[in-house]
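The structure appears right after this line, and notes come after that.
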Amino acid sequence: MTECTNRTLLKEKIRLNELGGGESRIKRQHDQGKYTARERIEKLVDPGSFIEFDKFVTHRCNDFGMSENKFLGDGVITGIGKINGKQVALFSQDFTCWGGALGAAFAKKICKVMDFALNNRIPVIGINDSGGARIQEGVDSLAGYAEIFYRNVKCSGVIPQISLVMGPCAGGAVYSPAMTDFIFMVDQTSYMFVTGPEVIKTVTHEEVTKEELGGAKTHNEKSGVAHFMCSDEDDCFERTRELLSFLPSSNFTKVNRENTQDNVERSNNKLKDFIPSNSKKPYDMKELILEIVDNKHFLEVQAGFAKNILCGFSKMGGDSIGIIANQPNNLAGVLDIDSSMKAARFIRFCDAFEIPILTLVDVPGFLPGTVQEFGGIIKHGSKLLYAFSEATVPMITLITRKAYGGAYDVMASKHIRSDINLAYPNAEIAVMGAEGAVKIIFRNELKGLDGDAFEVKKAELIKDYEDKFNNPYKAAELGYLDEIIFPEDTRKKIIQYLRSLENKKVYRPKRKHGNIQL
Ligand code: HXC
């Protein structure tokens, strides 16, 4: 072949690869409000940075007329690119080729790019839009899935793994995104379920639509499977880039300190009287977070699920930080099954990737009731305790108001090895609320009284109890708090402490792995 025909052949093959399943299927994809697999990558990465691997791979299946039915690239685009200037590995399932269905060659391409990401310690991003196992390939496609699942586990805690669900993701295929660190879903065009509406109707006689069963809203608000709900695909790319700006490339590297225009000594005058003096009155903890972090930027994770706890990323003094905070505006910030699991998983992510943790505490305790007890609050609540206790990243805890009972211990107390424990002067740290405590301790004294005498005595005992315990000074006296701070100094203090902890190293006894209460 001449050089000219060599070049022509390569160009023709590239053209065919880029055509995917063809014009009519691309039009169908666009008509559904979806970008193609290739457009998605181009929109996500820094312009011109994408390099594609395995453009000319095809399947080797000869059954069901498949030998005549091939697409160059086999229905998945894989490669490397940059996001915010940092290298990432990507795969994007192409719905225009057999509905993005996964066969052996397709799976091999994904495995190759995952191995590349792991060996080179860079995040891997998977864009999912697929009809599941390629039916024509039978067990070979199931084997392909399992190879991917295995790699998801191998990469876990080593490189960040991010899934963008932008179409169907059903059956066992859901378990790959499920094992990644963060799942983004697009409202109205993505869905995830293990068994679809038809199977459910046959087996349980329930009638449910695809959207109700596994749409973005369902997984962001009810099941807690997803972490980010996006209004459309562009929103999804923007937020993926935002998330990556807080993350290191792997557990081998730290996120570089960013130059911040936000003064590290800035005082927060708004916080002087921010916490209501009536301890039963709610307030929005998110407002407090926005007040103290750099440029009021807080990327909330699982914003629609277990709203009684807030989890998310910010920068403070230019450094990435993971924030966990009780939300008094929702269920008074109580801990329950969902909030414990949500926060535990977030803490373990931060710990795995060396992102320091700031915990803001205003917690009245664990939610009482049979629903919680029968649902296993003992097991699930202990996940949060376990996650905080095993974390070795720098940890700073600030009690903004209540820290009651077991929840005081669980929420990154000094005793489970938070490095710096702070409180506002109005903090209340006690085994339980004053009224409940008085009813138990002084039951006999109060028994003989009635009417006004009862009320007066009870009020007196409550005041005594509050004076003694509902303040931070007993804990400070015992060294369980390192400092009681003025609220307006919050940002300055946290950044000072954060910087003092930047070389923290803690070694734990050697073991294969712990046994978290799954
Ligand atoms: C091969 C498939 C396919 C599949 C879709 N196609 N799913 N080809 N294997 N699993 C093809 C279609 O034949 C069609 O080809 C093209 O993709 C687009 O599909 P449509 O049905 O026209 O699209 P749409 O109406 O949007 O419906 C999408 C869909 C539906 C909901 C995903 O295609 C569907 O239900 N597919 C089957 C899903 C399924 O049962 N998968 C196996 C699940 S079991 P043409 O040539 O017309 O473009 C599984 C196990 C995984 O996945 C286990 C892992 C452990």
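Chain lettering (A, B, ...) mirrors the order of the structure tokens, residue numbering begins at 1 for each chain separately, and ligand numbering begins at 1 in order of display.
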Tell me, as a list in words, which residues lie within 10 Å of A:Gly48, counting only C-alpha atoms; anything in the same chain fewer than 3 positions away does not count.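 These residues fall inside the cut-off: Glu42, Val45, Ile51, Gly81 and Lys82 of chain A.
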Would you save the residues of that selection, restricted to C-alpha atoms, as a PDB file, in the first residue's frame?
```
ATOM      1  CA  GLU A  42     -16.041  16.025  24.547  1.00  0.00           C
ATOM      2  CA  VAL A  45     -13.145  16.934  29.407  1.00  0.00           C
ATOM      3  CA  ILE A  51      -7.187  10.517  23.458  1.00  0.00           C
ATOM      4  CA  GLY A  81      -8.464  13.120  28.947  1.00  0.00           C
ATOM      5  CA  LYS A  82      -8.032  16.022  31.320  1.00  0.00           C
TER       6      LYS A  82
END
```
Please write out the residues within 8 Å of ligand 1 as a ChimeraX atom specification, counting only C-alpha atoms and all ligand atoms. /A:21,25,95-102,130-136,141-143,145-146,168-175
Atoms to include: C-alpha atoms. Write the selected residues as a compact mmCIF listing (two decimals), in the first residue's frame.
```txt
# COMPACT_ATOMS: atom_id res chain seq x y z
CA GLY A 21 -24.38 3.15 15.19
CA ARG A 25 -29.59 6.18 15.63
CA PHE A 95 -26.41 3.56 22.96
CA THR A 96 -26.38 3.87 19.16
CA CYS A 97 -24.57 0.49 18.93
CA TRP A 98 -26.88 -2.33 20.12
CA GLY A 99 -28.32 0.00 22.72
CA GLY A 100 -24.92 0.22 24.44
CA ALA A 101 -25.25 -3.48 25.32
CA LEU A 102 -22.14 -5.03 26.85
CA SER A 130 -26.87 0.67 28.13
CA GLY A 131 -29.46 -2.05 27.59
CA GLY A 132 -27.33 -4.36 29.78
CA ALA A 133 -25.80 -7.69 28.84
CA ARG A 134 -25.51 -8.13 25.05
CA ILE A 135 -28.04 -10.88 24.62
CA GLN A 136 -26.34 -12.43 21.57
CA SER A 141 -21.14 -10.74 28.52
CA LEU A 142 -21.87 -11.87 32.09
CA ALA A 143 -18.17 -12.68 32.45
CA TYR A 145 -19.55 -7.60 33.83
CA ALA A 146 -17.90 -9.63 36.55
CA PRO A 168 -30.86 2.84 31.15
CA CYS A 169 -28.79 0.90 33.67
CA ALA A 170 -30.61 -2.25 34.67
CA GLY A 171 -30.18 -5.78 36.01
CA GLY A 172 -26.82 -6.77 37.39
CA ALA A 173 -25.30 -3.89 35.40
CA VAL A 174 -26.28 -1.54 38.24
CA TYR A 175 -23.65 -3.07 40.48
```
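With distances restricted to only C-alpha atoms, A:Leu310 is the closest residue to A:Lys286 from A:Leu310, A:Val361, A:Leu19, A:Val301.
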Can you pull out every residue from stretch 282-387 of chain A that DSSP, working from the backbone, puts in strand (DSSP E), and format the result as a ChimeraX atom specification? /A:298-301,309-316,319-326,357-363
Quick check for you: according to DSSP on this backbone, which residues of stretch 325-412 of chain A are classed as alpha helix (DSSP H)? Reply as a PyMOL selection string. chain A and resi 337-352+370-374+377-390+405-410
If you count only C-alpha atoms, which residues fall within 8 Å of A:Ser245, apart from same-chain ones fewer than 3 positions away, as a VMD selection string? chain A and resid 84 241 to 242
What does the file look like for those residues with all heavy atoms, as a PDB file, in the first residue's frame?
```pdb
ATOM      1  N   ASN A  84     -10.122  19.942  34.444  1.00  0.00           N
ATOM      2  CA  ASN A  84      -9.455  21.001  35.225  1.00  0.00           C
ATOM      3  C   ASN A  84      -7.937  20.805  35.176  1.00  0.00           C
ATOM      4  O   ASN A  84      -7.239  20.990  36.168  1.00  0.00           O
ATOM      5  CB  ASN A  84      -9.895  21.000  36.698  1.00  0.00           C
ATOM      6  CG  ASN A  84     -11.397  20.954  36.880  1.00  0.00           C
ATOM      7  OD1 ASN A  84     -12.123  21.598  36.133  1.00  0.00           O
ATOM      8  ND2 ASN A  84     -11.888  20.196  37.853  1.00  0.00           N
ATOM      9  N   ARG A 241     -17.183  18.032  36.977  1.00  0.00           N
ATOM     10  CA  ARG A 241     -15.932  18.810  37.002  1.00  0.00           C
ATOM     11  C   ARG A 241     -15.758  19.482  38.366  1.00  0.00           C
ATOM     12  O   ARG A 241     -14.654  19.548  38.909  1.00  0.00           O
ATOM     13  CB  ARG A 241     -15.943  19.864  35.885  1.00  0.00           C
ATOM     14  CG  ARG A 241     -15.929  19.253  34.472  1.00  0.00           C
ATOM     15  CD  ARG A 241     -16.090  20.316  33.392  1.00  0.00           C
ATOM     16  NE  ARG A 241     -14.991  21.255  33.385  1.00  0.00           N
ATOM     17  CZ  ARG A 241     -13.856  21.109  32.716  1.00  0.00           C
ATOM     18  NH1 ARG A 241     -13.683  20.045  31.950  1.00  0.00           N
ATOM     19  NH2 ARG A 241     -12.904  21.999  32.778  1.00  0.00           N
ATOM     20  N   GLU A 242     -16.874  19.969  38.894  1.00  0.00           N
ATOM     21  CA  GLU A 242     -16.840  20.621  40.212  1.00  0.00           C
ATOM     22  C   GLU A 242     -16.395  19.614  41.278  1.00  0.00           C
ATOM     23  O   GLU A 242     -15.514  19.898  42.096  1.00  0.00           O
ATOM     24  CB  GLU A 242     -18.238  21.170  40.528  1.00  0.00           C
ATOM     25  CG  GLU A 242     -18.319  21.990  41.804  1.00  0.00           C
ATOM     26  CD  GLU A 242     -19.759  22.405  42.132  1.00  0.00           C
ATOM     27  OE1 GLU A 242     -20.678  22.198  41.302  1.00  0.00           O
ATOM     28  OE2 GLU A 242     -19.954  22.930  43.249  1.00  0.00           O
TER      29      GLU A 242
END
```
Polymer residues at most 9 Å from A:Ala387, only C-alpha atoms, same-chain spacing of 6 or more positions, as a ChimeraX atom specification: /A:343-348,351,516
Pick out the residues sitting within 6 Å of A:Ile357, and hand them over as an MDAnalysis selection string; count only C-alpha atoms, and ignore anything fewer than 3 positions along from it in its own chain. chainID A and resid 321:323 395
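Residues surrounding A:Ser249 within 7 Å are Arg121, Ile122, Pro123, Ile159, Pro160 and Thr253 of chain A [only C-alpha atoms; sequence separation below 4 positions excluded].
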List every residue of stretch 447-495 of chain A that has an atom at most 10 Å from any atom of stretch 410-417 of chain A, giving for each one its closest atom pair and the distance in Å to one decimal, counting only C-alpha atoms, sorted by chain and then by ascending residue number, as a tab-separated table.
```
residue	atom	partner	partner_atom	distance
A:Gly479	CA	A:Lys414	CA	8.8
A:Tyr480	CA	A:Lys414	CA	5.8
A:Leu481	CA	A:Lys414	CA	7.3
A:Asp482	CA	A:Lys414	CA	9.0
```
Could you check the closest approach to A:Gln32 for each of A:Glu221, A:Asp464, A:Glu233, A:Asp419 and tell me which residue wins, using only C-alpha atoms?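 Distance minimum relative to A:Gln32 lands on A:Glu233.
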Do a neighbour search on stretch 274-277 of chain A at 9 Å with only C-alpha atoms, toss out local chain neighbours closer than 4 positions, and write the hits as a ChimeraX atom specification. /A:270,281-283,288,400-401,426,487
How about saving the chosen residues, C-alpha atoms kept, as a PDB file, in the first residue's frame?
```pdb
ATOM      1  CA  LYS A 270     -23.068  37.044  61.029  1.00  0.00           C
ATOM      2  CA  LYS A 281     -35.496  26.599  67.754  1.00  0.00           C
ATOM      3  CA  PRO A 282     -34.192  25.281  64.418  1.00  0.00           C
ATOM      4  CA  TYR A 283     -31.685  27.039  62.179  1.00  0.00           C
ATOM      5  CA  LEU A 288     -23.286  28.451  58.855  1.00  0.00           C
ATOM      6  CA  THR A 400     -22.427  24.547  67.733  1.00  0.00           C
ATOM      7  CA  ARG A 401     -25.201  23.734  70.206  1.00  0.00           C
ATOM      8  CA  ASN A 426     -23.712  28.184  74.253  1.00  0.00           C
ATOM      9  CA  PRO A 487     -18.625  32.075  66.820  1.00  0.00           C
TER      10      PRO A 487
END
```
Residue nearest A:Val255 - candidates A:Glu287, A:Glu483, A:Asp319, A:Asp187, atoms counted: only C-alpha atoms: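 Comparing A:Glu287, A:Glu483, A:Asp319, A:Asp187 against A:Val255, the winner is A:Asp319.
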Among the residues A:Lys439, A:Tyr507, A:Asn326, A:Lys201, the one that comes closest to A:Ala403 [using only C-alpha atoms]: A:Asn326
Dump as CSV the rows for residues of stretch 377-411 of chain A within 12 Å of stretch 336-342 of chain A: closest atom pair and distance in Å with one decimal, only C-alpha atoms counted, ordered by chain and rising residue number.
```
residue,atom,partner,partner_atom,distance
A:Ile377,CA,A:Ile337,CA,5.3
A:Ile378,CA,A:Ile337,CA,8.6
A:Lys379,CA,A:Ile337,CA,8.7
A:His380,CA,A:Ile337,CA,5.6
A:Gly381,CA,A:Ser340,CA,5.3
A:Ser382,CA,A:Ser340,CA,7.9
A:Lys383,CA,A:Met341,CA,6.6
A:Leu384,CA,A:Ser340,CA,5.3
A:Leu385,CA,A:Ser340,CA,8.6
A:Tyr386,CA,A:Ser340,CA,10.5
A:Ala387,CA,A:Met341,CA,9.7
A:Phe388,CA,A:Ser340,CA,11.0
A:Ala407,CA,A:Asp336,CA,10.4
A:Val410,CA,A:Ser340,CA,9.9
A:Met411,CA,A:Ser340,CA,10.1
```
Quick one: of A:Glu137, A:Glu466, A:Asp115, A:Lys492, who's nearest to A:Met66, counting only C-alpha atoms? A:Glu137
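Distances to A:Ile495 were evaluated for A:Asp262, A:Glu211, A:Asp467, A:Asp129 using only C-alpha atoms, and the minimum falls at A:Asp262.
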